[in-house]
Amino acid sequence: MANLLQKGVEWLDVRRKAHLASSVVYTRPSILGFVGLQATLGETVFDQVDEHGVVHRFESRDFLITAADLVLGGSVTLPVAGDRITVTINGMSRVHEVMAPGDEQPYRFCDPHRVTMRIHTKFISEA
């Protein structure tokens, strides 16, 4: 019998893509590879304390995707800093670079079964 929680996560991911997602293009400049994905927009706020005890707040534009959909060069891959995600909103293409502040990873899985992934980015340009 399959894991009931995993089935629930997979069911929810299908519904997220169908009803809460927009089309984006994920690009890895180093290999000139790209893939079209369905992503749900989100954000994460990071607080980091510097060596002087000052708290710096960073806001990340996040993209939630199905981890198995991130296929570049013929194989499923993980996000790396420097990759780009382009989303078109109201006719404007907005480019976001995959990154996270400090020692944070630029992505994290949203569930223990690694079905959905949250990718942290920073807005870099608009056309």
# chains A, B, ... in the order shown; residues from 1 in each chain; ligands from 1

call {"tool": "residues_around", "arguments": {"residues": "region 77-86 of chain A", "least_positions_apart": "4", "cutoff": "7 Å", "atoms": "only C-alpha atoms", "output": "short mmCIF file (atom, residue, chain, number, x, y, z; two decimals) with N, CA, C and O atoms, in the first residue's frame"}}
result
data_model
loop_
_atom_site.label_atom_id
_atom_site.label_comp_id
_atom_site.auth_asym_id
_atom_site.auth_seq_id
_atom_site.Cartn_x
_atom_site.Cartn_y
_atom_site.Cartn_z
N VAL A 24 6.29 29.84 -16.45
CA VAL A 24 7.58 30.50 -16.32
C VAL A 24 8.59 29.75 -17.19
O VAL A 24 8.35 28.62 -17.60
N VAL A 25 9.70 30.41 -17.45
CA VAL A 25 10.81 29.76 -18.16
C VAL A 25 12.01 29.72 -17.22
O VAL A 25 12.44 30.76 -16.71
N TYR A 26 12.51 28.53 -16.96
CA TYR A 26 13.67 28.32 -16.10
C TYR A 26 14.88 28.14 -17.01
O TYR A 26 14.88 27.29 -17.89
N THR A 27 15.92 28.94 -16.79
CA THR A 27 17.10 28.93 -17.66
C THR A 27 18.36 28.70 -16.84
O THR A 27 18.53 29.31 -15.79
N ARG A 28 19.23 27.87 -17.36
CA ARG A 28 20.57 27.71 -16.78
C ARG A 28 21.57 28.23 -17.82
O ARG A 28 21.90 27.56 -18.79
N PRO A 29 22.04 29.48 -17.63
CA PRO A 29 22.91 30.10 -18.62
C PRO A 29 24.19 29.31 -18.91
O PRO A 29 24.67 29.32 -20.03
N LEU A 70 11.80 19.95 -13.25
CA LEU A 70 13.02 20.72 -13.53
C LEU A 70 14.02 19.82 -14.24
O LEU A 70 14.92 19.23 -13.63
N VAL A 71 13.85 19.70 -15.55
CA VAL A 71 14.68 18.83 -16.38
C VAL A 71 15.51 19.71 -17.30
O VAL A 71 14.98 20.44 -18.15
N LEU A 72 16.83 19.66 -17.14
CA LEU A 72 17.76 20.39 -18.00
C LEU A 72 18.81 19.42 -18.50
O LEU A 72 19.32 18.59 -17.74
N SER A 93 7.91 41.05 -18.97
CA SER A 93 8.75 39.91 -18.59
C SER A 93 9.67 40.33 -17.46
O SER A 93 10.43 41.30 -17.59
N ARG A 94 9.59 39.60 -16.37
CA ARG A 94 10.43 39.89 -15.20
C ARG A 94 11.39 38.73 -15.00
O ARG A 94 10.97 37.57 -14.94
N VAL A 95 12.68 39.06 -14.90
CA VAL A 95 13.72 38.05 -14.75
C VAL A 95 14.20 38.04 -13.30
O VAL A 95 14.50 39.10 -12.72
N HIS A 96 14.26 36.85 -12.73
CA HIS A 96 14.70 36.66 -11.35
C HIS A 96 15.89 35.70 -11.36
O HIS A 96 15.86 34.70 -12.07
N GLU A 97 16.90 36.02 -10.57
CA GLU A 97 18.07 35.15 -10.47
C GLU A 97 17.96 34.29 -9.22
O GLU A 97 17.61 34.77 -8.14
N VAL A 98 18.26 33.00 -9.38
CA VAL A 98 18.21 32.07 -8.26
C VAL A 98 19.34 32.40 -7.29
O VAL A 98 20.51 32.43 -7.67
N MET A 99 18.96 32.71 -6.05
CA MET A 99 19.95 33.02 -5.00
C MET A 99 19.24 33.11 -3.67
O MET A 99 18.02 33.22 -3.61
N PRO A 106 19.63 28.06 -2.13
CA PRO A 106 18.69 28.79 -2.98
C PRO A 106 17.36 28.07 -3.20
O PRO A 106 16.51 28.56 -3.92
N TYR A 107 17.18 26.92 -2.59
CA TYR A 107 15.91 26.20 -2.72
C TYR A 107 15.71 25.36 -1.46
O TYR A 107 16.63 25.13 -0.68
#

call {"tool": "closest_residue", "arguments": {"among": "A:Ser125, A:Ser22, A:Asn90, A:Thr44", "to": "Arg108 (chain A)", "atoms": "only C-alpha atoms"}}
result
A:Thr44

call {"tool": "residues_around", "arguments": {"residues": "Arg114 (chain A)", "least_positions_apart": "6", "cutoff": "10 Å", "atoms": "only C-alpha atoms", "output": "JSON, numbers by chain"}}
result
{"A": [6, 9, 10, 66, 67, 68, 108]}

call {"tool": "write_last_selection", "arguments": {"atoms": "N, CA, C and O atoms", "output": "CSV table (one decimal), in the first residue's frame"}}
result
chain,number,residue,atom,x,y,z
A,6,GLN,N,2.1,10.7,1.1
A,6,GLN,CA,2.7,11.0,-0.2
A,6,GLN,C,1.7,11.1,-1.2
A,6,GLN,O,1.8,12.1,-2.1
A,9,VAL,N,0.2,14.6,-0.9
A,9,VAL,CA,1.1,15.6,-1.3
A,9,VAL,C,1.1,15.7,-2.9
A,9,VAL,O,1.1,16.8,-3.5
A,10,GLU,N,1.1,14.5,-3.5
A,10,GLU,CA,1.1,14.5,-5.0
A,10,GLU,C,-0.3,15.0,-5.5
A,10,GLU,O,-0.3,15.8,-6.5
A,66,THR,N,7.0,21.7,-9.3
A,66,THR,CA,7.1,20.3,-9.1
A,66,THR,C,8.6,19.9,-9.4
A,66,THR,O,9.1,20.2,-10.5
A,67,ALA,N,9.3,19.3,-8.4
A,67,ALA,CA,10.7,19.0,-8.5
A,67,ALA,C,11.0,18.2,-9.7
A,67,ALA,O,12.0,18.4,-10.4
A,68,ALA,N,10.2,17.2,-10.0
A,68,ALA,CA,10.4,16.4,-11.2
A,68,ALA,C,10.3,17.1,-12.5
A,68,ALA,O,10.8,16.6,-13.5
A,108,ARG,N,14.5,24.9,-1.3
A,108,ARG,CA,14.2,23.9,-0.3
A,108,ARG,C,13.0,23.1,-0.7
A,108,ARG,O,12.1,23.6,-1.5

call {"tool": "residues_around", "arguments": {"residues": "Asn3 (chain A)", "least_positions_apart": "4", "cutoff": "10 Å", "atoms": "only C-alpha atoms", "output": "PyMOL selection string"}}
result
chain A and resi 7-8+113

call {"tool": "closest_residue", "arguments": {"among": "A:Val14, A:Ala127, A:Cys110, A:Val45", "to": "Ser60 (chain A)", "atoms": "only C-alpha atoms"}}
result
A:Val45

call {"tool": "closest_residue", "arguments": {"among": "A:Gly33, A:Gly91, A:Ser75, A:Pro101", "to": "Arg57 (chain A)", "atoms": "only C-alpha atoms"}}
result
A:Pro101
